[in-house]
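Next comes data-v3.cif, a file with mmCIF, C-alpha atoms and all ligand atoms.
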```
data_protein
#
loop_
_atom_site.group_PDB
_atom_site.id
_atom_site.type_symbol
_atom_site.label_atom_id
_atom_site.label_comp_id
_atom_site.auth_asym_id
_atom_site.auth_seq_id
_atom_site.Cartn_x
_atom_site.Cartn_y
_atom_site.Cartn_z
ATOM 1 C CA MET A 15 0.000 0.000 0.000
ATOM 2 C CA GLN A 16 1.275 3.399 -1.025
ATOM 3 C CA THR A 17 0.825 6.441 1.259
ATOM 4 C CA VAL A 18 0.640 9.883 -0.375
ATOM 5 C CA SER A 19 0.037 13.309 1.078
ATOM 6 C CA ASP A 20 -0.036 15.578 -1.952
ATOM 7 C CA THR A 21 -2.642 15.951 -4.644
ATOM 8 C CA PRO A 22 -0.438 15.294 -7.737
ATOM 9 C CA ALA A 23 0.739 11.924 -6.316
ATOM 10 C CA LEU A 24 -2.839 10.989 -5.429
ATOM 11 C CA ARG A 25 -4.138 11.898 -8.870
ATOM 12 C CA ALA A 26 -1.257 10.126 -10.654
ATOM 13 C CA ALA A 27 -1.939 6.821 -8.850
ATOM 14 C CA ILE A 28 -5.659 7.014 -9.560
ATOM 15 C CA ARG A 29 -5.138 8.043 -13.188
ATOM 16 C CA GLY A 30 -3.172 4.822 -13.760
ATOM 17 C CA TRP A 31 -6.049 2.696 -12.463
ATOM 18 C CA ARG A 32 -8.630 4.672 -14.392
ATOM 19 C CA SER A 33 -6.777 4.248 -17.651
ATOM 20 C CA ALA A 34 -6.739 0.490 -16.990
ATOM 21 C CA GLY A 35 -10.556 0.693 -16.626
ATOM 22 C CA GLN A 36 -10.568 -0.095 -12.895
ATOM 23 C CA THR A 37 -13.237 1.069 -10.468
ATOM 24 C CA VAL A 38 -12.231 3.032 -7.368
ATOM 25 C CA ALA A 39 -13.760 3.128 -3.871
ATOM 26 C CA LEU A 40 -13.018 5.724 -1.207
ATOM 27 C CA VAL A 41 -13.161 5.179 2.556
ATOM 28 C CA PRO A 42 -12.822 8.582 4.240
ATOM 29 C CA THR A 43 -11.663 8.435 7.886
ATOM 30 C CA MET A 44 -10.099 10.555 10.578
ATOM 31 C CA GLY A 45 -7.686 7.745 11.425
ATOM 32 C CA ASN A 46 -7.245 5.906 14.716
ATOM 33 C CA LEU A 47 -8.768 2.973 12.938
ATOM 34 C CA HIS A 48 -10.610 0.156 14.674
ATOM 35 C CA ALA A 49 -12.451 -2.948 13.485
ATOM 36 C CA GLY A 50 -15.403 -0.775 12.401
ATOM 37 C CA HIS A 51 -13.215 1.124 9.926
ATOM 38 C CA GLN A 52 -11.688 -2.132 8.735
ATOM 39 C CA SER A 53 -15.176 -3.406 7.903
ATOM 40 C CA LEU A 54 -15.700 -0.274 5.752
ATOM 41 C CA VAL A 55 -12.517 -1.093 3.846
ATOM 42 C CA ARG A 56 -13.662 -4.698 3.413
ATOM 43 C CA LEU A 57 -16.955 -3.524 1.926
ATOM 44 C CA ALA A 58 -15.078 -1.146 -0.390
ATOM 45 C CA ARG A 59 -12.733 -3.960 -1.380
ATOM 46 C CA ALA A 60 -15.687 -6.210 -2.248
ATOM 47 C CA ARG A 61 -17.335 -3.563 -4.423
ATOM 48 C CA ALA A 62 -14.465 -1.952 -6.311
ATOM 49 C CA GLU A 63 -11.201 -2.984 -7.907
ATOM 50 C CA ARG A 64 -9.153 -0.328 -6.122
ATOM 51 C CA VAL A 65 -9.546 1.072 -2.617
ATOM 52 C CA VAL A 66 -8.343 4.476 -1.471
ATOM 53 C CA ALA A 67 -8.603 5.394 2.229
ATOM 54 C CA SER A 68 -8.020 8.864 3.613
ATOM 55 C CA VAL A 69 -6.862 9.811 7.090
ATOM 56 C CA PHE A 70 -7.485 13.464 7.863
ATOM 57 C CA VAL A 71 -8.505 14.914 11.216
ATOM 58 C CA ASN A 72 -10.655 17.611 9.697
ATOM 59 C CA PRO A 73 -10.461 20.852 11.698
ATOM 60 C CA THR A 74 -13.627 22.371 10.232
ATOM 61 C CA GLN A 75 -15.916 19.729 11.720
ATOM 62 C CA PHE A 76 -14.761 20.341 15.309
ATOM 63 C CA GLY A 77 -16.359 23.145 17.315
ATOM 64 C CA PRO A 78 -14.532 25.340 19.834
ATOM 65 C CA GLY A 79 -13.784 23.308 22.972
ATOM 66 C CA GLU A 80 -14.228 19.969 21.167
ATOM 67 C CA ASP A 81 -11.545 17.303 20.951
ATOM 68 C CA PHE A 82 -9.671 18.354 17.777
ATOM 69 C CA GLU A 83 -6.346 18.705 19.608
ATOM 70 C CA ARG A 84 -6.616 15.498 21.586
ATOM 71 C CA TYR A 85 -8.185 13.406 18.794
ATOM 72 C CA PRO A 86 -5.894 10.323 18.642
ATOM 73 C CA ARG A 87 -3.426 10.363 15.745
ATOM 74 C CA THR A 88 -2.003 6.873 15.127
ATOM 75 C CA LEU A 89 -0.796 6.870 11.528
ATOM 76 C CA VAL A 90 1.659 3.969 11.763
ATOM 77 C CA GLN A 91 -0.946 1.590 13.220
ATOM 78 C CA ASP A 92 -3.526 2.899 10.726
ATOM 79 C CA GLN A 93 -1.217 2.141 7.811
ATOM 80 C CA ALA A 94 -0.724 -1.428 9.057
ATOM 81 C CA ALA A 95 -4.468 -1.963 9.554
ATOM 82 C CA LEU A 96 -5.291 -0.631 6.077
ATOM 83 C CA ALA A 97 -2.567 -2.658 4.387
ATOM 84 C CA ASP A 98 -3.927 -5.772 6.158
ATOM 85 C CA GLU A 99 -7.351 -5.152 4.631
ATOM 86 C CA GLY A 100 -5.888 -4.822 1.143
ATOM 87 C CA CYS A 101 -6.256 -1.048 0.808
ATOM 88 C CA ASP A 102 -4.306 0.125 -2.269
ATOM 89 C CA LEU A 103 -3.629 3.756 -1.463
ATOM 90 C CA LEU A 104 -3.705 5.904 1.659
ATOM 91 C CA PHE A 105 -4.185 9.657 1.304
ATOM 92 C CA VAL A 106 -2.958 11.633 4.329
ATOM 93 C CA PRO A 107 -3.215 15.298 3.372
ATOM 94 C CA GLU A 108 -1.915 18.258 5.356
ATOM 95 C CA VAL A 109 -4.440 20.912 6.415
ATOM 96 C CA ALA A 110 -2.924 23.248 3.787
ATOM 97 C CA THR A 111 -3.643 20.709 1.039
ATOM 98 C CA MET A 112 -7.299 20.433 1.962
ATOM 99 C CA TYR A 113 -7.703 24.131 2.857
ATOM 100 C CA PRO A 114 -5.277 26.185 0.749
ATOM 101 C CA TYR A 115 -6.715 29.471 2.091
ATOM 102 C CA GLY A 116 -6.757 28.151 5.672
ATOM 103 C CA ALA A 117 -9.505 26.229 7.417
ATOM 104 C CA GLN A 118 -11.129 29.478 8.637
ATOM 105 C CA HIS A 119 -11.424 30.923 5.139
ATOM 106 C CA SER A 120 -12.391 27.904 3.080
ATOM 107 C CA VAL A 121 -15.443 27.603 0.878
ATOM 108 C CA SER A 122 -18.001 25.925 3.105
ATOM 109 C CA LEU A 123 -20.942 23.751 2.129
ATOM 110 C CA ARG A 124 -24.158 23.674 4.069
ATOM 111 C CA VAL A 125 -26.656 20.872 3.718
ATOM 112 C CA PRO A 126 -29.852 22.443 5.038
ATOM 113 C CA GLN A 127 -32.757 20.993 7.021
ATOM 114 C CA ILE A 128 -31.416 17.593 8.048
ATOM 115 C CA THR A 129 -28.482 19.303 9.781
ATOM 116 C CA ALA A 130 -30.735 21.502 11.922
ATOM 117 C CA VAL A 131 -31.503 18.724 14.398
ATOM 118 C CA LEU A 132 -29.730 16.266 16.731
ATOM 119 C CA GLU A 133 -25.951 16.327 16.071
ATOM 120 C CA GLY A 134 -26.356 19.466 13.969
ATOM 121 C CA ALA A 135 -28.137 21.250 16.830
ATOM 122 C CA ALA A 136 -25.716 19.958 19.485
ATOM 123 C CA ARG A 137 -22.601 20.698 17.385
ATOM 124 C CA PRO A 138 -23.223 23.866 15.333
ATOM 125 C CA GLY A 139 -21.194 23.900 12.122
ATOM 126 C CA HIS A 140 -20.141 20.261 12.466
ATOM 127 C CA PHE A 141 -21.959 19.047 9.372
ATOM 128 C CA ASP A 142 -20.798 22.031 7.302
ATOM 129 C CA GLY A 143 -17.265 20.810 8.003
ATOM 130 C CA VAL A 144 -18.172 17.208 7.197
ATOM 131 C CA ALA A 145 -19.987 18.113 3.944
ATOM 132 C CA THR A 146 -17.138 20.382 2.858
ATOM 133 C CA VAL A 147 -14.344 17.904 3.492
ATOM 134 C CA VAL A 148 -16.255 14.964 2.013
ATOM 135 C CA CYS A 149 -16.979 16.966 -1.151
ATOM 136 C CA LYS A 150 -13.298 17.933 -1.398
ATOM 137 C CA LEU A 151 -12.241 14.298 -0.965
ATOM 138 C CA PHE A 152 -14.719 13.253 -3.649
ATOM 139 C CA ASN A 153 -13.289 15.894 -5.993
ATOM 140 C CA LEU A 154 -9.729 14.793 -5.310
ATOM 141 C CA VAL A 155 -10.270 11.039 -5.583
ATOM 142 C CA GLN A 156 -13.296 11.005 -7.931
ATOM 143 C CA PRO A 157 -14.321 7.567 -6.644
ATOM 144 C CA ASP A 158 -17.082 5.437 -8.133
ATOM 145 C CA LEU A 159 -18.272 4.694 -4.630
ATOM 146 C CA ALA A 160 -17.600 5.749 -1.065
ATOM 147 C CA VAL A 161 -18.270 3.883 2.178
ATOM 148 C CA PHE A 162 -19.518 5.383 5.464
ATOM 149 C CA GLY A 163 -20.445 3.780 8.778
ATOM 150 C CA GLN A 164 -24.019 3.636 10.019
ATOM 151 C CA LYS A 165 -22.938 4.588 13.541
ATOM 152 C CA ASP A 166 -22.794 8.207 12.361
ATOM 153 C CA PHE A 167 -26.268 7.849 10.929
ATOM 154 C CA GLN A 168 -27.004 11.540 10.515
ATOM 155 C CA GLN A 169 -23.642 12.034 8.794
ATOM 156 C CA LEU A 170 -24.584 9.273 6.357
ATOM 157 C CA LYS A 171 -27.852 11.062 5.569
ATOM 158 C CA VAL A 172 -26.021 14.379 5.131
ATOM 159 C CA VAL A 173 -23.588 12.771 2.673
ATOM 160 C CA GLU A 174 -26.444 11.126 0.748
ATOM 161 C CA ARG A 175 -28.143 14.510 0.390
ATOM 162 C CA LEU A 176 -24.918 16.236 -0.569
ATOM 163 C CA VAL A 177 -24.357 13.694 -3.340
ATOM 164 C CA ARG A 178 -27.910 13.838 -4.637
ATOM 165 C CA ASP A 179 -28.315 17.608 -4.442
ATOM 166 C CA LEU A 180 -24.966 18.380 -6.114
ATOM 167 C CA SER A 181 -25.331 15.482 -8.588
ATOM 168 C CA LEU A 182 -21.958 14.102 -7.513
ATOM 169 C CA PRO A 183 -21.156 10.953 -9.504
ATOM 170 C CA VAL A 184 -20.482 8.813 -6.426
ATOM 171 C CA LYS A 185 -22.476 5.895 -5.066
ATOM 172 C CA VAL A 186 -22.742 6.076 -1.254
ATOM 173 C CA LEU A 187 -22.615 2.734 0.561
ATOM 174 C CA SER A 188 -23.011 2.215 4.292
ATOM 175 C CA ALA A 189 -21.755 -0.492 6.617
ATOM 176 C CA ALA A 190 -23.420 -1.760 9.791
ATOM 177 C CA THR A 191 -22.125 -0.570 13.166
ATOM 178 C CA LEU A 192 -19.632 -2.938 14.774
ATOM 179 C CA ARG A 193 -19.992 -3.459 18.513
ATOM 180 C CA ALA A 194 -17.908 -4.743 21.388
ATOM 181 C CA ASP A 195 -19.197 -7.958 23.008
ATOM 182 C CA ASP A 196 -21.110 -5.895 25.581
ATOM 183 C CA GLY A 197 -22.876 -3.910 22.842
ATOM 184 C CA LEU A 198 -20.882 -0.664 22.920
ATOM 185 C CA ALA A 199 -20.569 0.694 19.373
ATOM 186 C CA LEU A 200 -16.906 0.821 18.306
ATOM 187 C CA SER A 201 -15.633 4.393 18.198
ATOM 188 C CA SER A 202 -12.265 6.103 18.367
ATOM 189 C CA ARG A 203 -13.686 8.164 21.235
ATOM 190 C CA ASN A 204 -14.261 5.076 23.444
ATOM 191 C CA GLN A 205 -10.628 5.273 24.486
ATOM 192 C CA TYR A 206 -11.316 8.550 26.311
ATOM 193 C CA LEU A 207 -13.500 6.575 28.774
ATOM 194 C CA SER A 208 -12.139 5.691 32.223
ATOM 195 C CA ALA A 209 -12.413 2.015 33.252
ATOM 196 C CA GLU A 210 -15.535 2.831 35.265
ATOM 197 C CA GLU A 211 -17.128 4.794 32.415
ATOM 198 C CA ARG A 212 -16.307 2.021 29.953
ATOM 199 C CA MET A 213 -18.322 -0.376 32.110
ATOM 200 C CA LYS A 214 -21.320 1.959 32.054
ATOM 201 C CA ALA A 215 -21.102 2.881 28.361
ATOM 202 C CA PRO A 216 -23.039 -0.153 26.958
ATOM 203 C CA LEU A 217 -26.154 1.280 28.624
ATOM 204 C CA ILE A 218 -26.580 3.438 25.523
ATOM 205 C CA TYR A 219 -27.095 0.420 23.267
ATOM 206 C CA ASP A 220 -29.134 -1.285 25.959
ATOM 207 C CA THR A 221 -31.405 1.771 26.085
ATOM 208 C CA LEU A 222 -31.796 1.711 22.303
ATOM 209 C CA ARG A 223 -32.894 -1.924 22.504
ATOM 210 C CA LYS A 224 -35.323 -1.025 25.278
ATOM 211 C CA MET A 225 -36.667 1.744 23.034
ATOM 212 C CA ARG A 226 -37.299 -0.865 20.335
ATOM 213 C CA ASP A 227 -39.198 -3.074 22.820
ATOM 214 C CA LEU A 228 -41.338 -0.146 23.932
ATOM 215 C CA VAL A 229 -42.072 0.836 20.318
ATOM 216 C CA ASN A 230 -43.170 -2.732 19.622
ATOM 217 C CA LYS A 231 -45.432 -2.610 22.677
ATOM 218 C CA GLY A 232 -47.116 0.488 21.253
ATOM 219 C CA HIS A 233 -46.045 3.123 23.783
ATOM 220 C CA ALA A 234 -46.198 6.804 22.835
ATOM 221 C CA TRP A 235 -42.964 8.324 21.460
ATOM 222 C CA SER A 236 -42.823 11.045 24.074
ATOM 223 C CA VAL A 237 -43.074 8.479 26.898
ATOM 224 C CA ILE A 238 -40.370 6.264 25.388
ATOM 225 C CA GLU A 239 -38.046 9.229 24.880
ATOM 226 C CA GLN A 240 -38.606 10.431 28.440
ATOM 227 C CA VAL A 241 -38.049 6.967 29.946
ATOM 228 C CA SER A 242 -34.856 6.550 27.898
ATOM 229 C CA SER A 243 -33.416 9.918 28.910
ATOM 230 C CA THR A 244 -34.204 9.331 32.567
ATOM 231 C CA ARG A 245 -32.621 5.878 32.467
ATOM 232 C CA LEU A 246 -29.396 7.349 31.118
ATOM 233 C CA GLN A 247 -29.399 10.266 33.553
ATOM 234 C CA ARG A 248 -29.893 7.953 36.542
ATOM 235 C CA ALA A 249 -26.792 6.014 35.486
ATOM 236 C CA GLY A 250 -24.706 9.206 35.387
ATOM 237 C CA PHE A 251 -24.950 10.090 31.678
ATOM 238 C CA MET A 252 -25.828 13.576 30.454
ATOM 239 C CA PRO A 253 -28.013 12.860 27.441
ATOM 240 C CA ASP A 254 -28.170 15.430 24.617
ATOM 241 C CA TYR A 255 -31.020 13.487 23.067
ATOM 242 C CA ALA A 256 -32.686 10.074 23.142
ATOM 243 C CA VAL A 257 -35.259 10.212 20.374
ATOM 244 C CA ILE A 258 -37.296 8.258 17.851
ATOM 245 C CA ARG A 259 -37.174 9.601 14.301
ATOM 246 C CA ARG A 260 -37.989 8.647 10.735
ATOM 247 C CA ALA A 261 -34.804 7.096 9.376
ATOM 248 C CA GLU A 262 -35.431 8.654 5.975
ATOM 249 C CA ASP A 263 -35.082 12.303 6.992
ATOM 250 C CA LEU A 264 -34.853 12.327 10.821
ATOM 251 C CA SER A 265 -38.213 14.062 11.103
ATOM 252 C CA GLU A 266 -40.553 13.261 13.994
ATOM 253 C CA PRO A 267 -42.883 10.330 13.306
ATOM 254 C CA ALA A 268 -46.635 10.688 13.676
ATOM 255 C CA ALA A 269 -48.380 8.863 16.518
ATOM 256 C CA GLY A 270 -48.903 5.233 15.563
ATOM 257 C CA GLU A 271 -46.336 5.249 12.750
ATOM 258 C CA ARG A 272 -44.375 1.977 12.821
ATOM 259 C CA GLU A 273 -42.295 1.637 9.672
ATOM 260 C CA GLY A 274 -38.897 3.148 8.966
ATOM 261 C CA LEU A 275 -38.128 4.333 12.484
ATOM 262 C CA ILE A 276 -34.763 4.743 14.144
ATOM 263 C CA GLY A 277 -33.765 5.433 17.744
ATOM 264 C CA LEU A 278 -30.863 7.840 18.204
ATOM 265 C CA ILE A 279 -28.971 8.674 21.380
ATOM 266 C CA ALA A 280 -26.179 11.121 22.137
ATOM 267 C CA ALA A 281 -24.974 11.326 25.712
ATOM 268 C CA ARG A 282 -21.971 12.591 27.568
ATOM 269 C CA LEU A 283 -20.260 10.288 30.033
ATOM 270 C CA GLY A 284 -17.703 12.319 31.961
ATOM 271 C CA SER A 285 -15.872 14.295 29.275
ATOM 272 C CA THR A 286 -16.698 11.840 26.461
ATOM 273 C CA ARG A 287 -19.613 12.309 24.104
ATOM 274 C CA LEU A 288 -20.970 9.041 22.717
ATOM 275 C CA ILE A 289 -23.541 8.503 19.960
ATOM 276 C CA ASP A 290 -25.353 5.423 18.763
ATOM 277 C CA ASN A 291 -28.519 4.439 16.909
ATOM 278 C CA LEU A 292 -30.704 1.433 16.205
ATOM 279 C CA ARG A 293 -33.363 0.733 13.602
ATOM 280 C CA LEU A 294 -36.582 0.177 15.517
ATOM 281 C CA ASP A 295 -38.458 -1.847 12.914
HETATM 282 O O1 LIG B 301 -16.759 9.895 10.044
HETATM 283 C C1 LIG B 301 -15.641 10.451 9.983
HETATM 284 O O2 LIG B 301 -14.613 9.900 10.389
HETATM 285 C C2 LIG B 301 -15.536 11.854 9.426
HETATM 286 O O3 LIG B 301 -16.623 12.617 9.782
HETATM 287 C C3 LIG B 301 -15.299 11.890 7.907
HETATM 288 C C4 LIG B 301 -16.474 11.293 7.142
HETATM 289 C C5 LIG B 301 -14.033 11.138 7.565
HETATM 290 C C6 LIG B 301 -15.139 13.349 7.433
HETATM 291 O O4 LIG B 301 -14.058 13.962 8.075
#
```

Could you rewrite the structure in this file as structure tokens?
Amino acid sequence: MQTVSDTPALRAAIRGWRSAGQTVALVPTMGNLHAGHQSLVRLARARAERVVASVFVNPTQFGPGEDFERYPRTLVQDQAALADEGCDLLFVPEVATMYPYGAQHSVSLRVPQITAVLEGAARPGHFDGVATVVCKLFNLVQPDLAVFGQKDFQQLKVVERLVRDLSLPVKVLSAATLRADDGLALSSRNQYLSAEERMKAPLIYDTLRKMRDLVNKGHAWSVIEQVSSTRLQRAGFMPDYAVIRRAEDLSEPAAGEREGLIGLIAARLGSTRLIDNLRLD
């Protein structure tokens, strides 16, 4: 696996594959790869002849006071993990490559509506940064397809809208969330948890499963959401939201609606903010 950090080297490698008629998949990441990321690469590998991964801790998607500085940077391990999965090319750009006028002064994309709620409301500007960097990566790599994880469900929806609305010639694929044996969704941020917090953290997934049970029993959304929030609070979490939404567009379902629902939770445990989701149908 080749690692490149500049645009001409990236384009040259891809041009060679293109001229040989090969298809290209992109797996965008912020590095610190775990088994969840590896499953994205495996899906990419299965669907395209060449796989490009990117590792870029994107400054524009972190708000003030968020974990941009302390976000784990583990390039050597990431390279080994990607090579193991058969990734062909790793793109590791500098900030100046992605944002030639500086991250503060870059062109910024805004995907409206779907970004006004949940993560978008809790982290203002976050999805502008995600949409902008993903569009830039698509322009640089020009992949046939790109793979995203379902754990960041709202991000997946934002990328789908970005692609459709700007007619970007990329097929967006998603891969199921990978979980630890106790149910905790794999995330680079799990390593911020203390041993005690790590033991509590699976309660998020447990609460999502409880939400699904309560939906199946026909309880009202507002009751389920309240019960879920309270359950998390009692265990020492500070929930940002624990809600039931339409998976299609994250709007609020009508009373009695049963199809196409998803439960989404974001909660802080100590200084770590965790998110997870579960289809409820
Ligand atoms: O999910 C992530 O790791 C990031 O948000 C992404 C898609 C790589 C954009 O920086």

Using all atoms listed in the file, find each residue of chain A with at least one atom at most 7 Å away from an atom of ligand LIG 301 (chain B); report its shortest atom-to-atom pair and that distance in Å (one decimal), sort the rows by chain and rising residue number, and return the result as a tab-separated table.
```
residue	atom	partner	partner_atom	distance
A:Pro42	CA	B:LIG301	C5	4.4
A:Thr43	CA	B:LIG301	C5	3.6
A:Met44	CA	B:LIG301	O2	4.6
A:Phe70	CA	B:LIG301	O4	6.6
A:Val71	CA	B:LIG301	O4	6.5
A:Asn72	CA	B:LIG301	O4	5.2
A:Val144	CA	B:LIG301	C6	4.9
A:Val147	CA	B:LIG301	O4	6.1
A:Val148	CA	B:LIG301	C6	5.8
A:Phe162	CA	B:LIG301	C4	6.9
A:Asp166	CA	B:LIG301	O1	6.7
```

For Ala23 (chain A), please output as an mmCIF file with C-alpha atoms, keeping the file's coordinate frame all residues within 12 Å (counting all atoms listed in the file; exclusion window: fewer than 5 positions along the same chain).
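Dumped to selection_35.cif:
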```
data_model
loop_
_atom_site.group_PDB
_atom_site.id
_atom_site.type_symbol
_atom_site.label_atom_id
_atom_site.label_comp_id
_atom_site.auth_asym_id
_atom_site.auth_seq_id
_atom_site.Cartn_x
_atom_site.Cartn_y
_atom_site.Cartn_z
ATOM 1 C CA GLN A 16 1.275 3.399 -1.025
ATOM 2 C CA THR A 17 0.825 6.441 1.259
ATOM 3 C CA VAL A 18 0.640 9.883 -0.375
ATOM 4 C CA ILE A 28 -5.659 7.014 -9.560
ATOM 5 C CA ARG A 29 -5.138 8.043 -13.188
ATOM 6 C CA GLY A 30 -3.172 4.822 -13.760
ATOM 7 C CA LEU A 103 -3.629 3.756 -1.463
ATOM 8 C CA LEU A 104 -3.705 5.904 1.659
ATOM 9 C CA PHE A 105 -4.185 9.657 1.304
ATOM 10 C CA VAL A 106 -2.958 11.633 4.329
ATOM 11 C CA PRO A 107 -3.215 15.298 3.372
ATOM 12 C CA LEU A 154 -9.729 14.793 -5.310
ATOM 13 C CA VAL A 155 -10.270 11.039 -5.583
#
```

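Restricting the calculation to only C-alpha atoms, the smallest distance between Ala209 (chain A) and any of A:Ala27, A:Ala95, A:Leu283, A:Ile276 is found for A:Leu283.
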
Next item on the list: Have a look at A:Asp158, A:Asp220, A:Glu99, A:Asp20 and name the one nearest to Glu63 (chain A); count only C-alpha atoms.
Entry: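 Looking only at the distances to Glu63 (chain A), the closest residue turns out to be A:Asp158.
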
Checklist line | Output of the PyMOL selection byres (((chain A and resi 207) around 12) and not hetatm), listed as a list in words | finding: Leu198, Ser201, Ser202, Arg203, Asn204, Gln205, Tyr206, Ser208, Ala209, Glu210, Glu211, Arg212, Met213, Lys214, Ala215, Pro216, Arg282, Leu283, Gly284, Ser285, Thr286, Arg287 and Leu288 of chain A

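Distances to Ala199 (chain A) were evaluated for A:Glu266, A:Glu271, A:Glu133, A:Asp290 using all atoms listed in the file, and the minimum falls at A:Asp290.
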
Next item on the list: Might you pull out every residue within 10 Å of region 174-179 of chain A, with all atoms listed in the file counted and same-chain residues fewer than 5 positions away left off, and present them as JSON, numbers by chain?
Entry: {"A": [123, 124, 125, 126, 128, 145, 146, 148, 149, 152, 168, 169, 184, 185, 186, 187, 263]}

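Distance-wise, CA of Tyr85 (chain A) and CA of Asp196 (chain A) end up 24.2 Å apart.
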
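Between Arg259 (chain A) and the candidates A:Ile218, A:Ala160, A:Leu57, A:Leu132, the tightest atom-to-atom separation, counting all atoms listed in the file, involves A:Leu132.
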
Note to self: List the spatial neighbours of Gly50 (chain A) as an NGL selection string - criterion: any atom at most 7 Å away, only C-alpha atoms, same-chain residues fewer than 2 positions off excluded.
What the structure shows: :A and (48 or 52-54 or 191-192 or 200)

Next item on the list: Return as JSON, numbers by chain the set of residues that the PyMOL selection byres (((chain A and resi 96) around 10) and not hetatm) yields on the displayed structure.
Entry: {"A": [15, 47, 51, 52, 55, 56, 65, 66, 67, 91, 92, 93, 94, 95, 97, 98, 99, 100, 101, 102, 103, 104]}

Notebook entry, point to check: Which distance in Å separates CA of Leu159 (chain A) and CA of Leu40 (chain A), to one decimal?
Noted result: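 Between these atoms lies a distance of 6.4 Å.
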
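Straight-line separation from CA of Gly250 (chain A) to CA of Glu83 (chain A): 26.0 Å.
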
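The nearest approach to Ser19 (chain A) among the residues A:Gly197, A:Gln127, A:Ser68, A:Asp295, with only C-alpha atoms taken into account, belongs to A:Ser68.
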
Margin query: With 12 Å as the threshold, what does the neighbourhood of (-46.0, -5.4, 19.8) contain in terms of residues, counting only C-alpha atoms? Coordinates are those of the file; answer as a PyMOL selection string.
Written below: chain A and resi 226-233+270+272+294-295

Check: Which one is closest to Thr244 (chain A): A:Thr221, A:Thr74, A:Gln156, A:Ser265? Count all atoms listed in the file.
Finding: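 Comparing A:Thr221, A:Thr74, A:Gln156, A:Ser265 against Thr244 (chain A), the winner is A:Thr221.
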
Complete the atoms of region 74-85 of chain A to N, CA, C and O atoms and put them out as a compact mmCIF listing (two decimals), in the frame of the given file.
```
# COMPACT_ATOMS: atom_id res chain seq x y z
N THR A 74 -12.39 21.60 10.37
CA THR A 74 -13.63 22.37 10.23
C THR A 74 -14.86 21.66 10.79
O THR A 74 -15.92 22.26 10.87
N GLN A 75 -14.73 20.39 11.16
CA GLN A 75 -15.92 19.73 11.72
C GLN A 75 -15.87 19.65 13.25
O GLN A 75 -16.74 19.04 13.86
N PHE A 76 -14.85 20.28 13.85
CA PHE A 76 -14.76 20.34 15.31
C PHE A 76 -15.14 21.75 15.76
O PHE A 76 -14.65 22.73 15.19
N GLY A 77 -15.99 21.84 16.77
CA GLY A 77 -16.36 23.14 17.32
C GLY A 77 -15.33 23.58 18.35
O GLY A 77 -14.49 22.79 18.78
N PRO A 78 -15.43 24.87 18.78
CA PRO A 78 -14.53 25.34 19.83
C PRO A 78 -14.74 24.49 21.09
O PRO A 78 -15.87 24.17 21.44
N GLY A 79 -13.66 24.10 21.73
CA GLY A 79 -13.78 23.31 22.97
C GLY A 79 -14.00 21.83 22.71
O GLY A 79 -14.10 21.05 23.66
N GLU A 80 -14.12 21.41 21.45
CA GLU A 80 -14.23 19.97 21.17
C GLU A 80 -12.83 19.34 21.14
O GLU A 80 -11.84 20.01 21.43
N ASP A 81 -12.77 18.06 20.74
CA ASP A 81 -11.54 17.30 20.95
C ASP A 81 -10.58 17.28 19.75
O ASP A 81 -9.85 16.32 19.57
N PHE A 82 -10.57 18.35 18.94
CA PHE A 82 -9.67 18.35 17.78
C PHE A 82 -8.22 18.11 18.18
O PHE A 82 -7.52 17.28 17.59
N GLU A 83 -7.76 18.82 19.21
CA GLU A 83 -6.35 18.70 19.61
C GLU A 83 -6.02 17.31 20.14
O GLU A 83 -4.99 16.75 19.84
N ARG A 84 -6.95 16.78 20.95
CA ARG A 84 -6.62 15.50 21.59
C ARG A 84 -7.09 14.28 20.77
O ARG A 84 -6.90 13.14 21.20
N TYR A 85 -7.72 14.53 19.61
CA TYR A 85 -8.18 13.41 18.79
C TYR A 85 -6.98 12.50 18.49
O TYR A 85 -5.95 12.98 18.02
```
